[in-house]
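Next comes query23.csv, a file with CSV, C-alpha atoms.
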```
chain,number,residue,atom,x,y,z
A,1,MET,CA,0.0,0.0,0.0
A,2,GLY,CA,1.3,3.4,-0.9
A,3,TYR,CA,0.8,6.6,1.1
A,4,ASP,CA,2.4,10.0,0.9
A,5,LEU,CA,2.3,13.3,2.7
A,6,HIS,CA,2.3,16.4,0.5
A,7,VAL,CA,2.9,19.7,2.3
A,8,GLN,CA,2.2,22.9,0.4
A,9,ALA,CA,3.0,26.5,1.5
A,10,VAL,CA,0.0,28.8,1.1
A,11,SER,CA,-1.0,32.3,1.9
A,12,ALA,CA,-3.2,33.0,5.0
A,13,ASP,CA,-6.1,33.7,2.6
A,14,GLU,CA,-5.8,30.2,1.2
A,15,LEU,CA,-6.1,28.7,4.7
A,16,THR,CA,-9.7,30.0,5.1
A,17,LYS,CA,-11.3,28.6,2.0
A,18,GLY,CA,-12.8,25.4,3.4
A,19,ALA,CA,-12.5,21.6,2.9
A,20,GLU,CA,-13.9,21.3,-0.6
A,21,HIS,CA,-11.7,24.1,-2.0
A,22,LEU,CA,-8.6,22.8,-0.2
A,23,SER,CA,-9.2,19.2,-1.4
A,24,ALA,CA,-9.4,20.4,-5.0
A,25,PHE,CA,-6.4,22.7,-4.6
A,26,MET,CA,-4.2,19.9,-3.1
A,27,ALA,CA,-5.4,17.4,-5.7
A,28,GLU,CA,-4.5,19.7,-8.5
A,29,ARG,CA,-1.1,20.4,-7.0
A,30,TRP,CA,-0.5,16.6,-6.5
A,31,HIS,CA,-1.4,15.7,-10.0
A,32,ALA,CA,0.4,18.6,-11.7
A,33,TYR,CA,3.4,18.6,-9.3
A,34,GLU,CA,5.9,19.5,-12.0
A,35,ASP,CA,3.7,22.4,-13.3
A,36,HIS,CA,4.2,24.1,-9.9
A,37,ALA,CA,7.9,23.8,-9.6
A,38,SER,CA,8.2,27.2,-8.1
A,39,ASP,CA,5.9,26.4,-5.2
A,40,ILE,CA,7.3,26.0,-1.7
A,41,ARG,CA,6.3,22.4,-1.1
A,42,PHE,CA,7.6,18.9,-0.3
A,43,THR,CA,6.4,15.4,-0.5
A,44,ILE,CA,7.5,12.4,1.6
A,45,SER,CA,6.4,8.8,1.2
A,46,LYS,CA,5.7,6.2,3.8
A,47,SER,CA,8.4,7.3,6.1
A,48,PHE,CA,6.6,10.4,7.1
A,49,VAL,CA,4.9,8.4,9.9
A,50,ARG,CA,8.3,7.3,11.3
A,51,LEU,CA,9.8,10.8,10.9
A,52,ASP,CA,6.8,12.2,12.9
A,53,GLU,CA,7.7,9.7,15.6
A,54,LEU,CA,11.3,10.8,15.6
A,55,TYR,CA,10.3,14.4,16.0
A,56,ARG,CA,7.8,13.7,18.7
A,57,SER,CA,10.5,11.8,20.7
A,58,ALA,CA,12.2,15.2,21.1
A,59,ALA,CA,9.1,16.8,22.7
A,60,HIS,CA,11.1,17.2,26.0
A,61,LEU,CA,13.7,19.4,24.4
A,62,PRO,CA,13.6,23.2,24.2
A,63,GLY,CA,10.9,24.2,21.7
A,64,GLY,CA,9.6,20.6,21.8
A,65,ASP,CA,6.0,21.8,21.9
A,66,ALA,CA,6.5,22.2,18.2
A,67,ALA,CA,7.9,18.7,17.7
A,68,ALA,CA,4.6,17.4,16.4
A,69,LEU,CA,4.2,20.1,13.8
A,70,PRO,CA,6.5,19.2,10.9
A,71,MET,CA,4.8,16.0,9.9
A,72,GLY,CA,1.6,15.6,11.9
A,73,GLY,CA,0.7,19.1,13.1
A,74,GLY,CA,-1.9,21.6,12.4
A,75,GLU,CA,-5.7,21.8,12.6
A,76,PRO,CA,-7.6,19.0,10.9
A,77,VAL,CA,-9.7,20.0,7.9
A,78,LEU,CA,-13.1,18.6,8.6
A,79,PRO,CA,-14.9,16.6,7.4
A,80,TYR,CA,-12.1,14.1,6.9
A,81,GLY,CA,-11.8,13.0,3.3
A,82,ASP,CA,-9.3,11.8,0.8
A,83,PRO,CA,-6.9,13.3,1.3
A,84,VAL,CA,-6.8,13.8,5.0
A,85,MET,CA,-5.7,17.4,5.5
A,86,ALA,CA,-4.4,19.7,8.2
A,87,LEU,CA,-3.8,23.4,8.2
A,88,MET,CA,-0.9,25.3,9.8
A,89,GLY,CA,-0.9,29.1,10.2
A,90,PRO,CA,2.2,31.1,9.6
A,91,ALA,CA,2.9,31.1,13.4
A,92,GLU,CA,2.9,27.3,13.5
A,93,VAL,CA,5.1,27.1,10.4
A,94,ARG,CA,7.5,29.4,12.1
A,95,ARG,CA,7.5,27.3,15.3
A,96,ALA,CA,8.1,24.1,13.2
A,97,ALA,CA,11.0,25.9,11.4
A,98,GLU,CA,12.5,27.0,14.7
A,99,PHE,CA,12.2,23.5,16.2
A,100,LEU,CA,14.0,22.0,13.3
A,101,ALA,CA,16.7,24.7,13.2
A,102,ALA,CA,17.3,24.1,16.9
A,103,HIS,CA,17.9,20.3,16.7
A,104,THR,CA,20.0,18.5,14.1
A,105,PHE,CA,18.9,15.3,12.5
A,106,ASP,CA,21.7,13.5,14.3
A,107,ASP,CA,20.5,14.9,17.6
A,108,LEU,CA,17.0,13.7,16.9
A,109,TRP,CA,18.2,10.3,15.7
A,110,GLU,CA,20.2,9.9,18.9
A,111,ILE,CA,17.1,10.5,21.0
A,112,GLY,CA,14.5,8.6,19.0
A,113,GLY,CA,16.1,6.7,16.2
A,114,ALA,CA,16.1,3.3,17.9
A,115,ALA,CA,12.4,3.5,18.7
A,116,ALA,CA,11.6,4.7,15.1
A,117,ALA,CA,13.7,1.9,13.6
A,118,ALA,CA,12.1,-0.7,15.9
A,119,GLY,CA,8.6,0.4,14.9
A,120,SER,CA,9.6,0.1,11.3
A,121,GLY,CA,10.8,-3.5,11.5
A,122,ASN,CA,14.3,-2.6,10.2
A,123,GLY,CA,16.4,-4.9,12.2
A,124,SER,CA,19.5,-5.7,10.2
A,125,ARG,CA,22.4,-3.3,10.0
A,126,VAL,CA,22.0,-2.7,6.2
A,127,ALA,CA,18.2,-2.2,6.6
A,128,LEU,CA,18.8,0.2,9.5
A,129,ALA,CA,21.3,2.2,7.4
A,130,TYR,CA,18.8,2.6,4.5
A,131,PHE,CA,16.0,3.5,7.0
A,132,ARG,CA,18.2,6.1,8.6
A,133,GLN,CA,19.1,7.6,5.2
A,134,ASP,CA,15.5,7.7,4.2
A,135,LEU,CA,14.5,9.6,7.3
A,136,ALA,CA,17.5,11.9,6.9
A,137,GLU,CA,16.4,12.8,3.4
A,138,GLY,CA,12.9,13.4,4.5
A,139,ASP,CA,14.1,15.5,7.4
A,140,ALA,CA,16.3,17.6,5.0
A,141,ASP,CA,13.3,18.3,2.8
A,142,ALA,CA,11.1,19.2,5.8
A,143,ARG,CA,13.8,21.6,7.1
A,144,ALA,CA,14.2,23.3,3.7
A,145,PHE,CA,10.4,23.6,3.3
A,146,TYR,CA,9.8,25.0,6.8
A,147,ALA,CA,12.7,27.5,6.6
A,148,ARG,CA,11.5,28.8,3.2
A,149,ALA,CA,7.8,29.0,4.2
A,150,ALA,CA,8.6,30.7,7.5
A,151,ALA,CA,10.9,33.2,5.9
A,152,ALA,CA,8.0,34.0,3.4
A,153,GLY,CA,5.5,34.3,6.3
A,154,LEU,CA,3.3,31.5,4.8
A,155,GLY,CA,1.1,28.9,6.3
A,156,ALA,CA,0.8,25.3,5.1
A,157,VAL,CA,-1.7,22.7,4.0
A,158,SER,CA,-0.7,19.1,4.5
A,159,ALA,CA,-2.5,16.3,2.6
A,160,ALA,CA,-2.0,12.6,3.5
A,161,TRP,CA,-2.8,10.5,0.5
A,162,PHE,CA,-3.6,6.8,1.3
```

Structure encoded using structure tokens:
Amino acid sequence: MGYDLHVQAVSADELTKGAEHLSAFMAERWHAYEDHASDIRFTISKSFVRLDELYRSAAHLPGGDAAALPMGGGEPVLPYGDPVMALMGPAEVRRAAEFLAAHTFDDLWEIGGAAAAAGSGNGSRVALAYFRQDLAEGDADARAFYARAAAAGLGAVSAAWF
């Protein structure tokens, strides 16, 4: 089964347009991804769930109240549909960027990497190395996204496609 998380930076006006509009907007962005190359966005496949766990394992660190924001944060867009969406205002995007800037991937891996790996079933050394690399790449994309979106004062819509 495939599933992906697409996170798209949007203006504050876009955040207020409702579930039907946002669903159509995100579907258009998903299906015409290359047509919107200048957008501030990122997509991460299955590992977004494990990366969320890694971030949440650092909730006890300074700024840790934002640990849930980069992958699983924001206000749910109701009613739930396909995709499942959440909204983050500019302040939440900024908090997520600050959290990521304050804690390196290696620091986060040291805190929660073993638990994330155990939950993924990656037990061998080789599988663990690939798993860590996959999370590191997703983390780098999330860091770049949140830094750019925060600098531009934008909010974000996340859409989980199952």

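Shortest atom-to-atom contact with Arg95 (chain A) among A:Arg143, A:His36, A:Arg29, A:Lys46: A:Arg143, counting only C-alpha atoms.
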
(request) Take CA of Phe145 (chain A) and CA of Ala127 (chain A) and report the distance between them in Å, one decimal. (result) 27.2 Å

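Take the candidates A:Ile44, A:Ala129, A:Ala9, A:Ala68 and check each one against Pro90 (chain A) using only C-alpha atoms; the shortest distance goes to A:Ala9.
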
(message) List the spatial neighbours of Gly73 (chain A) as a ChimeraX atom specification - criterion: any atom at most 8 Å away, all atoms listed in the file, same-chain residues fewer than 3 positions off excluded.
(response) /A:68-70,86-88

Please produce a file of the residues just selected, as an mmCIF file, keeping the file's coordinate frame, where the atoms kept are C-alpha atoms.
```cif
data_model
loop_
_atom_site.group_PDB
_atom_site.id
_atom_site.type_symbol
_atom_site.label_atom_id
_atom_site.label_comp_id
_atom_site.auth_asym_id
_atom_site.auth_seq_id
_atom_site.Cartn_x
_atom_site.Cartn_y
_atom_site.Cartn_z
ATOM 1 C CA ALA A 68 4.600 17.400 16.400
ATOM 2 C CA LEU A 69 4.200 20.100 13.800
ATOM 3 C CA PRO A 70 6.500 19.200 10.900
ATOM 4 C CA ALA A 86 -4.400 19.700 8.200
ATOM 5 C CA LEU A 87 -3.800 23.400 8.200
ATOM 6 C CA MET A 88 -0.900 25.300 9.800
#
```

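By all atoms listed in the file, and with residues fewer than 4 positions from region 134-138 of chain A along its chain excluded, the set lying at most 9 Å from it is Thr43, Ile44, Ser45, Ser47, Phe48, Arg50, Leu51, Leu54, Phe105, Asp106, Trp109, Ala129, Tyr130, Ala142 and Arg143 of chain A.
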
Export of prior selection with C-alpha atoms as a compact mmCIF listing (two decimals), keeping the file's coordinate frame:
```
# COMPACT_ATOMS: atom_id res chain seq x y z
CA THR A 43 6.40 15.40 -0.50
CA ILE A 44 7.50 12.40 1.60
CA SER A 45 6.40 8.80 1.20
CA SER A 47 8.40 7.30 6.10
CA PHE A 48 6.60 10.40 7.10
CA ARG A 50 8.30 7.30 11.30
CA LEU A 51 9.80 10.80 10.90
CA LEU A 54 11.30 10.80 15.60
CA PHE A 105 18.90 15.30 12.50
CA ASP A 106 21.70 13.50 14.30
CA TRP A 109 18.20 10.30 15.70
CA ALA A 129 21.30 2.20 7.40
CA TYR A 130 18.80 2.60 4.50
CA ALA A 142 11.10 19.20 5.80
CA ARG A 143 13.80 21.60 7.10
```

(message) What's around region 17-21 of chain A at 10 Å? Count all atoms listed in the file, leave out sequence neighbours fewer than 2 positions away in its own chain, and write the answer as JSON, numbers by chain.
(response) {"A": [12, 13, 14, 15, 23, 24, 25, 26, 27, 76, 77, 78, 79, 80, 81, 84, 85, 86]}

Those residues with C-alpha atoms, as a compact mmCIF listing (two decimals), in the coordinates of the input please?
```txt
# COMPACT_ATOMS: atom_id res chain seq x y z
CA ALA A 12 -3.20 33.00 5.00
CA ASP A 13 -6.10 33.70 2.60
CA GLU A 14 -5.80 30.20 1.20
CA LEU A 15 -6.10 28.70 4.70
CA SER A 23 -9.20 19.20 -1.40
CA ALA A 24 -9.40 20.40 -5.00
CA PHE A 25 -6.40 22.70 -4.60
CA MET A 26 -4.20 19.90 -3.10
CA ALA A 27 -5.40 17.40 -5.70
CA PRO A 76 -7.60 19.00 10.90
CA VAL A 77 -9.70 20.00 7.90
CA LEU A 78 -13.10 18.60 8.60
CA PRO A 79 -14.90 16.60 7.40
CA TYR A 80 -12.10 14.10 6.90
CA GLY A 81 -11.80 13.00 3.30
CA VAL A 84 -6.80 13.80 5.00
CA MET A 85 -5.70 17.40 5.50
CA ALA A 86 -4.40 19.70 8.20
```

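Remark: for Phe42 (chain A), the closest of the candidate residues A:Leu61, A:Ala140, A:Ala102, A:Ala97 is A:Ala140 (distances computed over all atoms listed in the file).
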
Using only C-alpha atoms, which protein or nucleic acid residues come within 12 Å of Glu110 (chain A)? Drop anything in the same chain fewer than 6 positions from it, and give the result as an mmCIF file with C-alpha atoms, keeping the file's coordinate frame.
```
data_model
loop_
_atom_site.group_PDB
_atom_site.id
_atom_site.type_symbol
_atom_site.label_atom_id
_atom_site.label_comp_id
_atom_site.auth_asym_id
_atom_site.auth_seq_id
_atom_site.Cartn_x
_atom_site.Cartn_y
_atom_site.Cartn_z
ATOM 1 C CA LEU A 54 11.300 10.800 15.600
ATOM 2 C CA TYR A 55 10.300 14.400 16.000
ATOM 3 C CA SER A 57 10.500 11.800 20.700
ATOM 4 C CA ALA A 58 12.200 15.200 21.100
ATOM 5 C CA HIS A 103 17.900 20.300 16.700
ATOM 6 C CA THR A 104 20.000 18.500 14.100
ATOM 7 C CA ALA A 116 11.600 4.700 15.100
ATOM 8 C CA ALA A 117 13.700 1.900 13.600
ATOM 9 C CA ARG A 132 18.200 6.100 8.600
#
```

(request) Would you mind telling me which residue in A:Ala67, A:Pro83, A:Val7, A:Ala32 lies nearest to Ala160 (chain A) when using only C-alpha atoms? (result) A:Pro83

(request) May I ask which of the residues A:Leu108, A:Ala144, A:Leu154, A:Leu5 is the closest one to Gly72 (chain A), counting all atoms listed in the file? (result) A:Leu5

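The space between CA of Val93 (chain A) and CA of Glu34 (chain A) spans 23.7 Å.
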
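Distances to Glu53 (chain A) were evaluated for A:Val157, A:Ser38, A:Ala149, A:Ala115 using only C-alpha atoms, and the minimum falls at A:Ala115.
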
(request) Work out how far apart CA of Ala114 (chain A) and CA of Phe162 (chain A) are and give it in Å to one decimal. (result) 26.0 Å

Taking 5 positions as the minimum chain separation for residues in the same chain, which residues sit within 9 Å of Arg94 (chain A) when counting only C-alpha atoms? Answer as a compact mmCIF listing (two decimals) with C-alpha atoms, keeping the file's coordinate frame.
```
# COMPACT_ATOMS: atom_id res chain seq x y z
CA GLY A 89 -0.90 29.10 10.20
CA PHE A 99 12.20 23.50 16.20
CA TYR A 146 9.80 25.00 6.80
CA ALA A 147 12.70 27.50 6.60
CA ALA A 149 7.80 29.00 4.20
CA ALA A 150 8.60 30.70 7.50
CA ALA A 151 10.90 33.20 5.90
CA GLY A 153 5.50 34.30 6.30
CA LEU A 154 3.30 31.50 4.80
CA GLY A 155 1.10 28.90 6.30
```
